[in-house]
file structure-v3.txt (compact mmCIF, C-alpha atoms)
# COMPACT_ATOMS: atom_id res chain seq x y z
CA MET A 1 49.45 51.63 73.16
CA ALA A 2 50.38 52.85 69.68
CA GLN A 3 52.92 50.06 69.35
CA GLU A 4 50.32 47.44 70.35
CA SER A 5 47.88 48.86 67.82
CA ALA A 6 50.49 48.74 65.05
CA THR A 7 51.40 45.17 65.97
CA HIS A 8 47.73 44.18 65.86
CA GLU A 9 47.30 45.77 62.44
CA ILE A 10 50.35 43.91 61.15
CA LEU A 11 48.90 40.64 62.47
CA ILE A 12 45.63 41.31 60.67
CA ALA A 13 47.46 42.09 57.41
CA LEU A 14 49.57 38.94 57.71
CA ALA A 15 46.44 36.94 58.51
CA PHE A 16 44.83 38.20 55.31
CA ILE A 17 47.89 37.17 53.27
CA TYR A 18 48.00 33.75 54.92
CA GLY A 19 44.30 33.38 54.25
CA LEU A 20 44.83 34.09 50.56
CA ILE A 21 47.53 31.42 50.44
CA PHE A 22 45.50 28.81 52.27
CA GLY A 23 42.47 29.71 50.16
CA SER A 24 44.57 28.98 47.09
CA PHE A 25 45.44 25.56 48.53
CA ALA A 26 41.75 24.99 49.31
CA ASN A 27 41.08 25.40 45.59
CA VAL A 28 43.59 22.64 44.89
CA VAL A 29 41.89 20.41 47.47
CA GLY A 30 38.48 21.17 45.99
CA TYR A 31 39.55 20.22 42.48
CA ARG A 32 41.68 17.15 43.23
CA LEU A 33 40.14 15.47 46.27
CA PRO A 34 36.79 14.54 44.64
CA ARG A 35 38.79 13.02 41.77
CA GLY A 36 40.89 10.88 44.10
CA GLU A 37 44.07 12.76 43.18
CA SER A 38 46.93 13.79 45.45
CA VAL A 39 46.66 17.35 46.72
CA VAL A 40 50.44 17.80 46.78
CA TRP A 41 51.68 15.99 43.66
CA PRO A 42 52.07 16.80 40.81
CA GLY A 43 52.54 20.56 40.97
CA SER A 44 49.91 23.06 39.86
CA HIS A 45 49.07 22.80 36.19
CA CYS A 46 46.37 23.83 33.75
CA PRO A 47 43.65 21.14 33.82
CA ASN A 48 42.95 21.79 30.12
CA CYS A 49 46.37 21.76 28.44
CA GLY A 50 48.39 20.20 31.29
CA ARG A 51 51.14 22.85 31.29
CA ASP A 52 52.93 23.37 34.60
CA LEU A 53 52.12 26.82 35.96
CA ALA A 54 54.87 29.37 36.51
CA ALA A 55 55.33 31.01 39.90
CA TRP A 56 53.79 34.29 38.71
CA GLU A 57 50.62 32.39 37.74
CA LEU A 58 50.15 31.12 41.30
CA VAL A 59 49.79 34.43 43.16
CA PRO A 60 46.35 34.37 44.81
CA VAL A 61 43.76 36.66 43.16
CA LEU A 62 46.36 38.82 41.38
CA SER A 63 47.34 36.10 38.91
CA TRP A 64 43.71 35.52 37.97
CA VAL A 65 43.29 39.26 37.34
CA ALA A 66 46.54 39.47 35.36
CA LEU A 67 45.54 36.47 33.25
CA ARG A 68 42.04 37.91 32.80
CA GLY A 69 40.57 34.63 33.93
CA ARG A 70 42.19 32.51 31.20
CA CYS A 71 45.13 30.13 30.87
CA HIS A 72 48.20 31.93 29.56
CA THR A 73 48.83 29.16 27.02
CA CYS A 74 45.58 27.58 25.84
CA LYS A 75 43.24 30.44 26.85
CA ALA A 76 40.87 28.05 28.61
CA PRO A 77 38.70 29.94 31.13
CA ILE A 78 39.71 29.87 34.79
CA SER A 79 36.64 29.78 37.02
CA TRP A 80 35.73 32.81 39.13
CA ARG A 81 35.56 30.49 42.14
CA TYR A 82 39.36 30.52 42.45
CA PRO A 83 39.78 34.21 43.36
CA ALA A 84 36.44 34.23 45.20
CA ILE A 85 37.47 31.43 47.56
CA GLU A 86 40.93 32.96 48.04
CA LEU A 87 39.46 36.35 48.93
CA ALA A 88 36.81 34.89 51.22
CA THR A 89 39.41 32.86 53.11
CA GLY A 90 41.69 35.89 53.41
CA VAL A 91 38.88 38.00 54.83
CA ALA A 92 37.86 35.28 57.29
CA TYR A 93 41.46 34.91 58.52
CA ALA A 94 41.79 38.68 58.93
CA LEU A 95 38.48 39.06 60.78
CA SER A 96 39.41 36.23 63.14
CA ALA A 97 42.75 37.91 63.85
CA ALA A 98 40.98 41.21 64.47
CA ASN A 99 38.57 39.62 66.95
CA GLU A 100 41.07 37.41 68.75
CA THR A 101 44.04 39.28 70.21
CA SER A 102 45.28 37.04 73.02
CA ASN A 103 44.26 33.39 72.66
CA HIS A 104 46.46 32.20 69.83
CA ALA A 105 45.33 28.59 70.24
CA GLN A 106 41.73 29.56 69.55
CA LEU A 107 42.84 31.67 66.60
CA ALA A 108 44.66 28.69 65.12
CA VAL A 109 41.51 26.56 65.43
CA TRP A 110 39.39 29.24 63.78
CA TRP A 111 41.88 29.47 60.91
CA THR A 112 41.71 25.69 60.55
CA PHE A 113 37.92 26.00 60.44
CA TRP A 114 37.99 28.58 57.63
CA MET A 115 40.45 26.47 55.67
CA TYR A 116 38.11 23.49 56.06
CA LEU A 117 35.07 25.45 54.91
CA ALA A 118 36.96 26.86 51.93
CA SER A 119 38.01 23.35 50.90
CA ALA A 120 34.45 22.04 51.32
CA VAL A 121 33.02 24.88 49.26
CA ALA A 122 35.58 24.26 46.52
CA CYS A 123 34.69 20.54 46.49
CA ASP A 124 30.97 21.22 46.29
CA LEU A 125 31.27 23.85 43.57
CA THR A 126 33.57 21.60 41.54
CA SER A 127 31.86 18.24 41.87
CA LEU A 128 28.67 18.57 43.96
CA THR A 129 30.28 16.22 46.46
CA LEU A 130 31.75 16.53 49.95
CA PRO A 131 34.21 13.63 50.35
CA ASP A 132 34.18 11.74 53.64
CA VAL A 133 37.98 11.90 53.64
CA LEU A 134 37.59 15.65 54.18
CA THR A 135 34.49 16.04 56.34
CA LEU A 136 34.92 13.24 58.87
CA PRO A 137 38.55 13.90 59.92
CA ALA A 138 37.89 17.64 59.95
CA GLY A 139 34.84 17.15 62.15
CA ALA A 140 36.94 15.23 64.67
CA VAL A 141 39.79 17.76 64.59
CA LEU A 142 37.45 20.72 65.03
CA PHE A 143 35.59 19.01 67.86
CA LEU A 144 38.88 18.46 69.68
CA GLY A 145 40.12 21.95 68.86
CA SER A 146 36.91 23.60 70.00
CA GLY A 147 36.82 21.70 73.29
CA LEU A 148 40.53 21.87 74.10
CA THR A 149 40.86 25.62 73.49
CA GLY A 150 37.55 26.59 75.10
CA ILE A 151 35.83 27.91 71.99
CA ARG A 152 32.93 25.75 73.19
CA THR A 153 32.63 23.49 76.19
CA TRP A 154 32.92 19.80 75.39
CA LEU A 155 29.18 19.42 75.91
CA MET A 156 28.29 22.34 73.62
CA ALA A 157 30.73 21.19 70.94
CA ALA A 158 29.24 17.69 71.00
CA ALA A 159 25.67 19.01 71.04
CA GLY A 160 26.41 21.38 68.17
CA ALA A 161 27.89 18.60 66.05
CA ALA A 162 24.94 16.33 66.82
CA VAL A 163 22.33 19.00 66.05
CA GLY A 164 24.04 19.93 62.79
CA TYR A 165 24.16 16.32 61.66
CA VAL A 166 20.61 15.46 62.70
CA ILE A 167 19.05 18.50 60.98
CA VAL A 168 20.39 17.52 57.58
CA ALA A 169 19.96 13.77 58.12
CA ALA A 170 16.27 14.30 58.94
CA ILE A 171 15.74 16.36 55.79
CA HIS A 172 17.65 13.75 53.77
CA PHE A 173 15.35 10.93 54.87
CA VAL A 174 12.12 12.94 54.74
CA THR A 175 12.80 14.16 51.20
CA GLY A 176 14.08 10.83 49.91
CA GLY A 177 17.66 11.96 49.56
CA LYS A 178 17.13 15.35 47.90
CA MET A 179 19.57 16.81 50.41
CA GLY A 180 22.87 14.95 50.52
CA MET A 181 24.38 13.42 53.62
CA GLY A 182 27.64 15.17 52.76
CA ASP A 183 26.11 18.35 54.17
CA ALA A 184 25.26 16.49 57.39
CA LYS A 185 28.90 15.45 57.76
CA LEU A 186 30.02 19.00 56.93
CA ASN A 187 27.86 20.18 59.81
CA LEU A 188 29.78 18.04 62.29
CA GLY A 189 32.66 20.51 62.19
CA ILE A 190 30.43 23.57 61.89
CA GLY A 191 28.32 22.53 64.87
CA ALA A 192 31.38 21.75 66.99
CA MET A 193 32.63 25.29 66.42
CA LEU A 194 29.32 27.13 66.78
CA GLY A 195 27.44 25.11 69.41
CA PRO A 196 23.82 23.94 69.06
CA GLY A 197 22.06 27.32 69.18
CA TYR A 198 24.16 29.01 66.54
CA MET A 199 24.19 25.81 64.49
CA VAL A 200 20.41 26.07 64.17
CA MET A 201 20.73 29.76 63.32
CA ALA A 202 23.38 28.95 60.71
CA PHE A 203 21.20 26.35 59.03
CA VAL A 204 18.24 28.75 58.85
CA LEU A 205 20.48 31.47 57.42
CA ALA A 206 21.96 29.01 54.91
CA ALA A 207 18.46 28.15 53.70
CA ILE A 208 17.66 31.85 53.32
CA TYR A 209 20.91 32.54 51.48
CA GLY A 210 20.22 29.56 49.22
CA VAL A 211 16.77 30.80 48.28
CA LEU A 212 18.01 34.33 47.67
CA ALA A 213 20.74 33.02 45.37
CA ALA A 214 18.80 30.30 43.57
CA LEU A 215 15.51 32.12 42.94
CA PRO A 216 16.90 34.76 40.53
CA LEU A 217 18.89 32.08 38.68
CA ARG A 218 15.82 29.91 38.26
CA LEU A 219 13.68 32.84 37.14
CA ALA A 220 16.37 33.64 34.57
CA GLY A 221 16.39 30.02 33.39
CA ARG A 222 20.03 29.44 34.35
CA VAL A 223 19.07 26.80 36.93
CA LYS A 224 16.53 24.11 36.05
CA PRO A 225 13.75 23.19 38.56
CA GLN A 226 15.29 19.78 39.42
CA GLN A 227 18.91 20.83 39.03
CA PRO A 228 20.93 20.22 42.22
CA ILE A 229 22.53 23.26 43.80
CA PRO A 230 25.65 23.09 46.01
CA PHE A 231 24.64 23.90 49.57
CA ALA A 232 28.10 24.03 51.17
CA PRO A 233 28.71 27.66 50.06
CA PHE A 234 25.56 28.77 51.88
CA LEU A 235 26.41 26.77 54.99
CA ALA A 236 29.89 28.30 54.99
CA LEU A 237 28.55 31.83 54.58
CA ALA A 238 25.98 31.25 57.31
CA ALA A 239 28.65 29.81 59.63
CA ALA A 240 30.80 32.90 59.08
CA THR A 241 27.79 35.13 59.75
CA CYS A 242 27.11 33.39 63.07
CA ALA A 243 30.79 33.35 64.04
CA PHE A 244 31.28 37.07 63.51
CA VAL A 245 27.88 38.67 64.17
CA GLY A 246 25.80 35.85 65.66
CA PRO A 247 25.17 37.55 69.04
CA ASP A 248 24.11 40.80 67.34
CA LEU A 249 21.71 38.90 65.08
CA TRP A 250 20.23 37.05 68.02
CA HIS A 251 19.70 40.27 70.02
CA LEU A 252 18.04 41.88 66.99
CA TYR A 253 15.75 38.87 66.54
CA ALA A 254 14.90 38.88 70.25
CA ARG A 255 13.96 42.57 70.17
CA LEU A 256 11.85 42.20 67.02
CA THR A 257 9.97 39.19 68.38
CA GLY A 258 9.66 40.44 71.95
CA LEU A 259 11.77 37.56 73.32
CA GLY A 260 14.33 39.91 74.83
CA PRO A 261 14.64 43.35 76.45

call {"tool": "encode", "arguments": {"input": "structure-v3.txt", "output": "structure tokens"}}
result
Amino acid sequence: MAQESATHEILIALAFIYGLIFGSFANVVGYRLPRGESVVWPGSHCPNCGRDLAAWELVPVLSWVALRGRCHTCKAPISWRYPAIELATGVAYALSAANETSNHAQLAVWWTFWMYLASAVACDLTSLTLPDVLTLPAGAVLFLGSGLTGIRTWLMAAAGAAVGYVIVAAIHFVTGGKMGMGDAKLNLGIGAMLGPGYMVMAFVLAAIYGVLAALPLRLAGRVKPQQPIPFAPFLALAAATCAFVGPDLWHLYARLTGLGP
């Protein structure tokens, strides 16, 4: 028993490290993909001065701290989103490993999901776009992964993807395009992983998270009334909430509203 516990703890620690690494790659995807650049070539470099980065400058989170958020050469600021996305991906990988101890196929699909969300968040924060070349293939892969590994039944994966897409598409057309269709395509993968019920919950939570984040910024004058706000970070946070504590949230809601025992 003690040996199994130690092995599980090692897996969680390794998952966190892998998550940091894949979160770092997600940052590369988020910066380059909207610009139509290759995500593998050339190597990592400072976007301001163009200098190739040394190995010690590429360590997730720690390099940003050591550099104090600035390029070692030109002192250009390095956005906080880099360590934030790396840390968030690491935590998501570790939590998935902690929750899933036996079905390694499902764990691999969940890790793919977190990598996808990290990349989407990085794209949206960088360019306010979610490229089809990311969202559409990922939606198909996650649908297949969810159905094949039993995360959701084929019917629930399809229904979740459809519900996620239709929710945003309806808002897009009703509001005259104020909500982008990129979020609808992002929801294809989210819905396939969560199923229709939790997809609805995730969208409601994302809207709440968005209001809680945007309202103080607008009151402080940092966000203008008509200024677009990236919604992918809130969808990703809401998807993680539903994935890890969705049943607990639903039971709490049912008790508070009298819908459950």

call {"tool": "atom_distance", "arguments": {"input": "structure-v3.txt", "atom1": "CA of Ile208 in chain A", "atom2": "CA of Val91 in chain A"}}
result
22.1 Å

call {"tool": "closest_residue", "arguments": {"input": "structure-v3.txt", "among": "A:Ala202, A:Leu62, A:Leu125, A:Ala184", "to": "Ile167 in chain A", "atoms": "all atoms listed in the file"}}
result
A:Ala184

call {"tool": "residues_around", "arguments": {"input": "structure-v3.txt", "residues": "Gly182 in chain A", "least_positions_apart": "3", "cutoff": "7 Å", "atoms": "all atoms listed in the file", "output": "VMD selection string"}}
result
chain A and resid 129 to 130 185 to 186

call {"tool": "write_last_selection", "arguments": {"input": "structure-v3.txt", "atoms": "C-alpha atoms", "output": "mmCIF file, in the frame of the given file"}}
result
data_model
loop_
_atom_site.group_PDB
_atom_site.id
_atom_site.type_symbol
_atom_site.label_atom_id
_atom_site.label_comp_id
_atom_site.auth_asym_id
_atom_site.auth_seq_id
_atom_site.Cartn_x
_atom_site.Cartn_y
_atom_site.Cartn_z
ATOM 1 C CA THR A 129 30.280 16.220 46.460
ATOM 2 C CA LEU A 130 31.750 16.530 49.950
ATOM 3 C CA LYS A 185 28.900 15.450 57.760
ATOM 4 C CA LEU A 186 30.020 19.000 56.930
#

call {"tool": "residues_around", "arguments": {"input": "structure-v3.txt", "residues": "range 97-103 of chain A", "least_positions_apart": "6", "cutoff": "12 Å", "atoms": "only C-alpha atoms", "output": "list in words"}}
result
Glu4, Ser5, Thr7, His8, Glu9, Ile10, Leu11, Ile12, Ala13, Leu14, Ala15, Phe16, Ile17, Tyr18, Gly19, Gly90, Val91, Val109, Trp110, Trp111, Thr149, Gly150, Ile151, Ala243, Phe244 and Val245 of chain A

call {"tool": "axis_aligned_box", "arguments": {"input": "structure-v3.txt", "around": "range 240-254 of chain A", "padding_each_side": "8 Å", "output": "lines of an AutoDock Vina configuration file"}}
result
center_x = 23.1
center_y = 37.4
center_z = 64.7
size_x = 32.4
size_y = 25.0
size_z = 27.2

call {"tool": "closest_residue", "arguments": {"input": "structure-v3.txt", "among": "A:Ala158, A:Cys46, A:Cys242, A:Ala66", "to": "Ala192 in chain A", "atoms": "only C-alpha atoms"}}
result
A:Ala158

call {"tool": "residues_around", "arguments": {"input": "structure-v3.txt", "residues": "Ser38 in chain A", "least_positions_apart": "6", "cutoff": "12 Å", "atoms": "all atoms listed in the file", "output": "JSON, numbers by chain"}}
result
{"A": [28, 29, 30, 31, 32, 44]}

call {"tool": "closest_residue", "arguments": {"input": "structure-v3.txt", "among": "A:Pro83, A:Gly43, A:Trp64, A:Ala157", "to": "Leu144 in chain A", "atoms": "all atoms listed in the file"}}
result
A:Ala157

call {"tool": "closest_residue", "arguments": {"input": "structure-v3.txt", "among": "A:Phe234, A:Tyr198, A:Leu134, A:Trp154", "to": "Gly246 in chain A", "atoms": "only C-alpha atoms"}}
result
A:Tyr198

call {"tool": "atom_distance", "arguments": {"input": "structure-v3.txt", "atom1": "CA of Tyr116 in chain A", "atom2": "CA of Ala207 in chain A"}}
result
20.3 Å

call {"tool": "residues_around", "arguments": {"input": "structure-v3.txt", "residues": "Leu117 in chain A", "least_positions_apart": "3", "cutoff": "12 Å", "atoms": "all atoms listed in the file", "output": "PyMOL selection string"}}
result
chain A and resi 22-23+26-27+29-30+85-86+88-89+92-93+110-114+120-124+130+134-135+138-139+142+183+186-190+193+231-240

call {"tool": "residues_near_point", "arguments": {"input": "structure-v3.txt", "point": "(23.5, 24.3, 44.3)", "cutoff": "8 Å", "atoms": "only C-alpha atoms", "output": "MDAnalysis selection string"}}
result
chainID A and resid 125 128 210 214 227:231

call {"tool": "write_last_selection", "arguments": {"input": "structure-v3.txt", "atoms": "C-alpha atoms", "output": "compact mmCIF listing (two decimals), keeping the file's coordinate frame"}}
result
# COMPACT_ATOMS: atom_id res chain seq x y z
CA LEU A 125 31.27 23.85 43.57
CA LEU A 128 28.67 18.57 43.96
CA GLY A 210 20.22 29.56 49.22
CA ALA A 214 18.80 30.30 43.57
CA GLN A 227 18.91 20.83 39.03
CA PRO A 228 20.93 20.22 42.22
CA ILE A 229 22.53 23.26 43.80
CA PRO A 230 25.65 23.09 46.01
CA PHE A 231 24.64 23.90 49.57

call {"tool": "closest_residue", "arguments": {"input": "structure-v3.txt", "among": "A:Leu252, A:Val61, A:Met201, A:Val39", "to": "Ile78 in chain A", "atoms": "all atoms listed in the file"}}
result
A:Val61

call {"tool": "atom_distance", "arguments": {"input": "structure-v3.txt", "atom1": "CA of Ile21 in chain A", "atom2": "CA of Tyr82 in chain A"}}
result
11.5 Å

call {"tool": "closest_residue", "arguments": {"input": "structure-v3.txt", "among": "A:Val204, A:Val133, A:Ile171, A:Met181", "to": "Gly36 in chain A", "atoms": "all atoms listed in the file"}}
result
A:Val133

call {"tool": "decode", "arguments": {"input": "structure-v3.txt", "residues": "range 144-172 of chain A", "atoms": "N, CA and C atoms", "output": "PDB file, in the first residue's frame"}}
result
ATOM      1  N   LEU A 144     -13.361  11.985 -30.586  1.00  0.00           N
ATOM      2  CA  LEU A 144     -12.944  10.592 -30.736  1.00  0.00           C
ATOM      3  C   LEU A 144     -12.347  10.059 -29.440  1.00  0.00           C
ATOM      4  N   GLY A 145     -11.494  10.872 -28.809  1.00  0.00           N
ATOM      5  CA  GLY A 145     -10.866  10.431 -27.562  1.00  0.00           C
ATOM      6  C   GLY A 145     -11.876  10.205 -26.458  1.00  0.00           C
ATOM      7  N   SER A 146     -12.838  11.110 -26.350  1.00  0.00           N
ATOM      8  CA  SER A 146     -13.859  10.981 -25.312  1.00  0.00           C
ATOM      9  C   SER A 146     -14.702   9.731 -25.521  1.00  0.00           C
ATOM     10  N   GLY A 147     -15.122   9.493 -26.769  1.00  0.00           N
ATOM     11  CA  GLY A 147     -15.961   8.334 -27.044  1.00  0.00           C
ATOM     12  C   GLY A 147     -15.209   7.020 -26.963  1.00  0.00           C
ATOM     13  N   LEU A 148     -13.990   6.979 -27.509  1.00  0.00           N
ATOM     14  CA  LEU A 148     -13.232   5.732 -27.539  1.00  0.00           C
ATOM     15  C   LEU A 148     -12.798   5.274 -26.156  1.00  0.00           C
ATOM     16  N   THR A 149     -12.476   6.214 -25.274  1.00  0.00           N
ATOM     17  CA  THR A 149     -11.978   5.834 -23.940  1.00  0.00           C
ATOM     18  C   THR A 149     -13.083   5.778 -22.893  1.00  0.00           C
ATOM     19  N   GLY A 150     -14.296   6.164 -23.259  1.00  0.00           N
ATOM     20  CA  GLY A 150     -15.409   6.081 -22.317  1.00  0.00           C
ATOM     21  C   GLY A 150     -15.514   7.246 -21.359  1.00  0.00           C
ATOM     22  N   ILE A 151     -14.833   8.344 -21.641  1.00  0.00           N
ATOM     23  CA  ILE A 151     -15.022   9.536 -20.806  1.00  0.00           C
ATOM     24  C   ILE A 151     -16.488   9.956 -20.887  1.00  0.00           C
ATOM     25  N   ARG A 152     -17.024   9.967 -22.104  1.00  0.00           N
ATOM     26  CA  ARG A 152     -18.455  10.134 -22.344  1.00  0.00           C
ATOM     27  C   ARG A 152     -18.881   9.074 -23.345  1.00  0.00           C
ATOM     28  N   THR A 153     -20.153   8.727 -23.343  1.00  0.00           N
ATOM     29  CA  THR A 153     -20.652   7.871 -24.409  1.00  0.00           C
ATOM     30  C   THR A 153     -20.609   8.668 -25.713  1.00  0.00           C
ATOM     31  N   TRP A 154     -20.666   7.962 -26.822  1.00  0.00           N
ATOM     32  CA  TRP A 154     -20.653   8.651 -28.114  1.00  0.00           C
ATOM     33  C   TRP A 154     -21.798   9.655 -28.209  1.00  0.00           C
ATOM     34  N   LEU A 155     -22.964   9.265 -27.703  1.00  0.00           N
ATOM     35  CA  LEU A 155     -24.126  10.147 -27.771  1.00  0.00           C
ATOM     36  C   LEU A 155     -23.916  11.396 -26.929  1.00  0.00           C
ATOM     37  N   MET A 156     -23.391  11.221 -25.695  1.00  0.00           N
ATOM     38  CA  MET A 156     -23.179  12.363 -24.817  1.00  0.00           C
ATOM     39  C   MET A 156     -22.059  13.271 -25.320  1.00  0.00           C
ATOM     40  N   ALA A 157     -21.033  12.678 -25.925  1.00  0.00           N
ATOM     41  CA  ALA A 157     -19.952  13.488 -26.492  1.00  0.00           C
ATOM     42  C   ALA A 157     -20.478  14.329 -27.662  1.00  0.00           C
ATOM     43  N   ALA A 158     -21.288  13.706 -28.523  1.00  0.00           N
ATOM     44  CA  ALA A 158     -21.856  14.435 -29.650  1.00  0.00           C
ATOM     45  C   ALA A 158     -22.828  15.508 -29.178  1.00  0.00           C
ATOM     46  N   ALA A 159     -23.666  15.164 -28.203  1.00  0.00           N
ATOM     47  CA  ALA A 159     -24.637  16.135 -27.686  1.00  0.00           C
ATOM     48  C   ALA A 159     -23.931  17.302 -27.008  1.00  0.00           C
ATOM     49  N   GLY A 160     -22.871  17.002 -26.260  1.00  0.00           N
ATOM     50  CA  GLY A 160     -22.122  18.063 -25.596  1.00  0.00           C
ATOM     51  C   GLY A 160     -21.490  19.020 -26.592  1.00  0.00           C
ATOM     52  N   ALA A 161     -20.891  18.461 -27.648  1.00  0.00           N
ATOM     53  CA  ALA A 161     -20.279  19.303 -28.679  1.00  0.00           C
ATOM     54  C   ALA A 161     -21.333  20.164 -29.363  1.00  0.00           C
ATOM     55  N   ALA A 162     -22.483  19.569 -29.659  1.00  0.00           N
ATOM     56  CA  ALA A 162     -23.553  20.308 -30.330  1.00  0.00           C
ATOM     57  C   ALA A 162     -24.096  21.422 -29.446  1.00  0.00           C
ATOM     58  N   VAL A 163     -24.344  21.113 -28.186  1.00  0.00           N
ATOM     59  CA  VAL A 163     -24.875  22.122 -27.256  1.00  0.00           C
ATOM     60  C   VAL A 163     -23.887  23.272 -27.099  1.00  0.00           C
ATOM     61  N   GLY A 164     -22.607  22.939 -26.928  1.00  0.00           N
ATOM     62  CA  GLY A 164     -21.597  23.980 -26.764  1.00  0.00           C
ATOM     63  C   GLY A 164     -21.525  24.902 -27.965  1.00  0.00           C
ATOM     64  N   TYR A 165     -21.611  24.320 -29.148  1.00  0.00           N
ATOM     65  CA  TYR A 165     -21.555  25.128 -30.371  1.00  0.00           C
ATOM     66  C   TYR A 165     -22.798  25.992 -30.514  1.00  0.00           C
ATOM     67  N   VAL A 166     -23.965  25.405 -30.296  1.00  0.00           N
ATOM     68  CA  VAL A 166     -25.227  26.114 -30.526  1.00  0.00           C
ATOM     69  C   VAL A 166     -25.399  27.275 -29.544  1.00  0.00           C
ATOM     70  N   ILE A 167     -24.963  27.100 -28.294  1.00  0.00           N
ATOM     71  CA  ILE A 167     -25.111  28.177 -27.312  1.00  0.00           C
ATOM     72  C   ILE A 167     -24.420  29.442 -27.796  1.00  0.00           C
ATOM     73  N   VAL A 168     -23.173  29.301 -28.203  1.00  0.00           N
ATOM     74  CA  VAL A 168     -22.415  30.475 -28.631  1.00  0.00           C
ATOM     75  C   VAL A 168     -22.905  30.979 -29.989  1.00  0.00           C
ATOM     76  N   ALA A 169     -23.230  30.062 -30.903  1.00  0.00           N
ATOM     77  CA  ALA A 169     -23.711  30.473 -32.217  1.00  0.00           C
ATOM     78  C   ALA A 169     -24.993  31.289 -32.090  1.00  0.00           C
ATOM     79  N   ALA A 170     -25.889  30.885 -31.193  1.00  0.00           N
ATOM     80  CA  ALA A 170     -27.137  31.621 -30.990  1.00  0.00           C
ATOM     81  C   ALA A 170     -26.855  33.026 -30.477  1.00  0.00           C
ATOM     82  N   ILE A 171     -25.951  33.138 -29.510  1.00  0.00           N
ATOM     83  CA  ILE A 171     -25.599  34.460 -28.977  1.00  0.00           C
ATOM     84  C   ILE A 171     -24.935  35.306 -30.061  1.00  0.00           C
ATOM     85  N   HIS A 172     -24.105  34.678 -30.868  1.00  0.00           N
ATOM     86  CA  HIS A 172     -23.421  35.383 -31.957  1.00  0.00           C
ATOM     87  C   HIS A 172     -24.428  36.030 -32.912  1.00  0.00           C
TER      88      HIS A 172
END
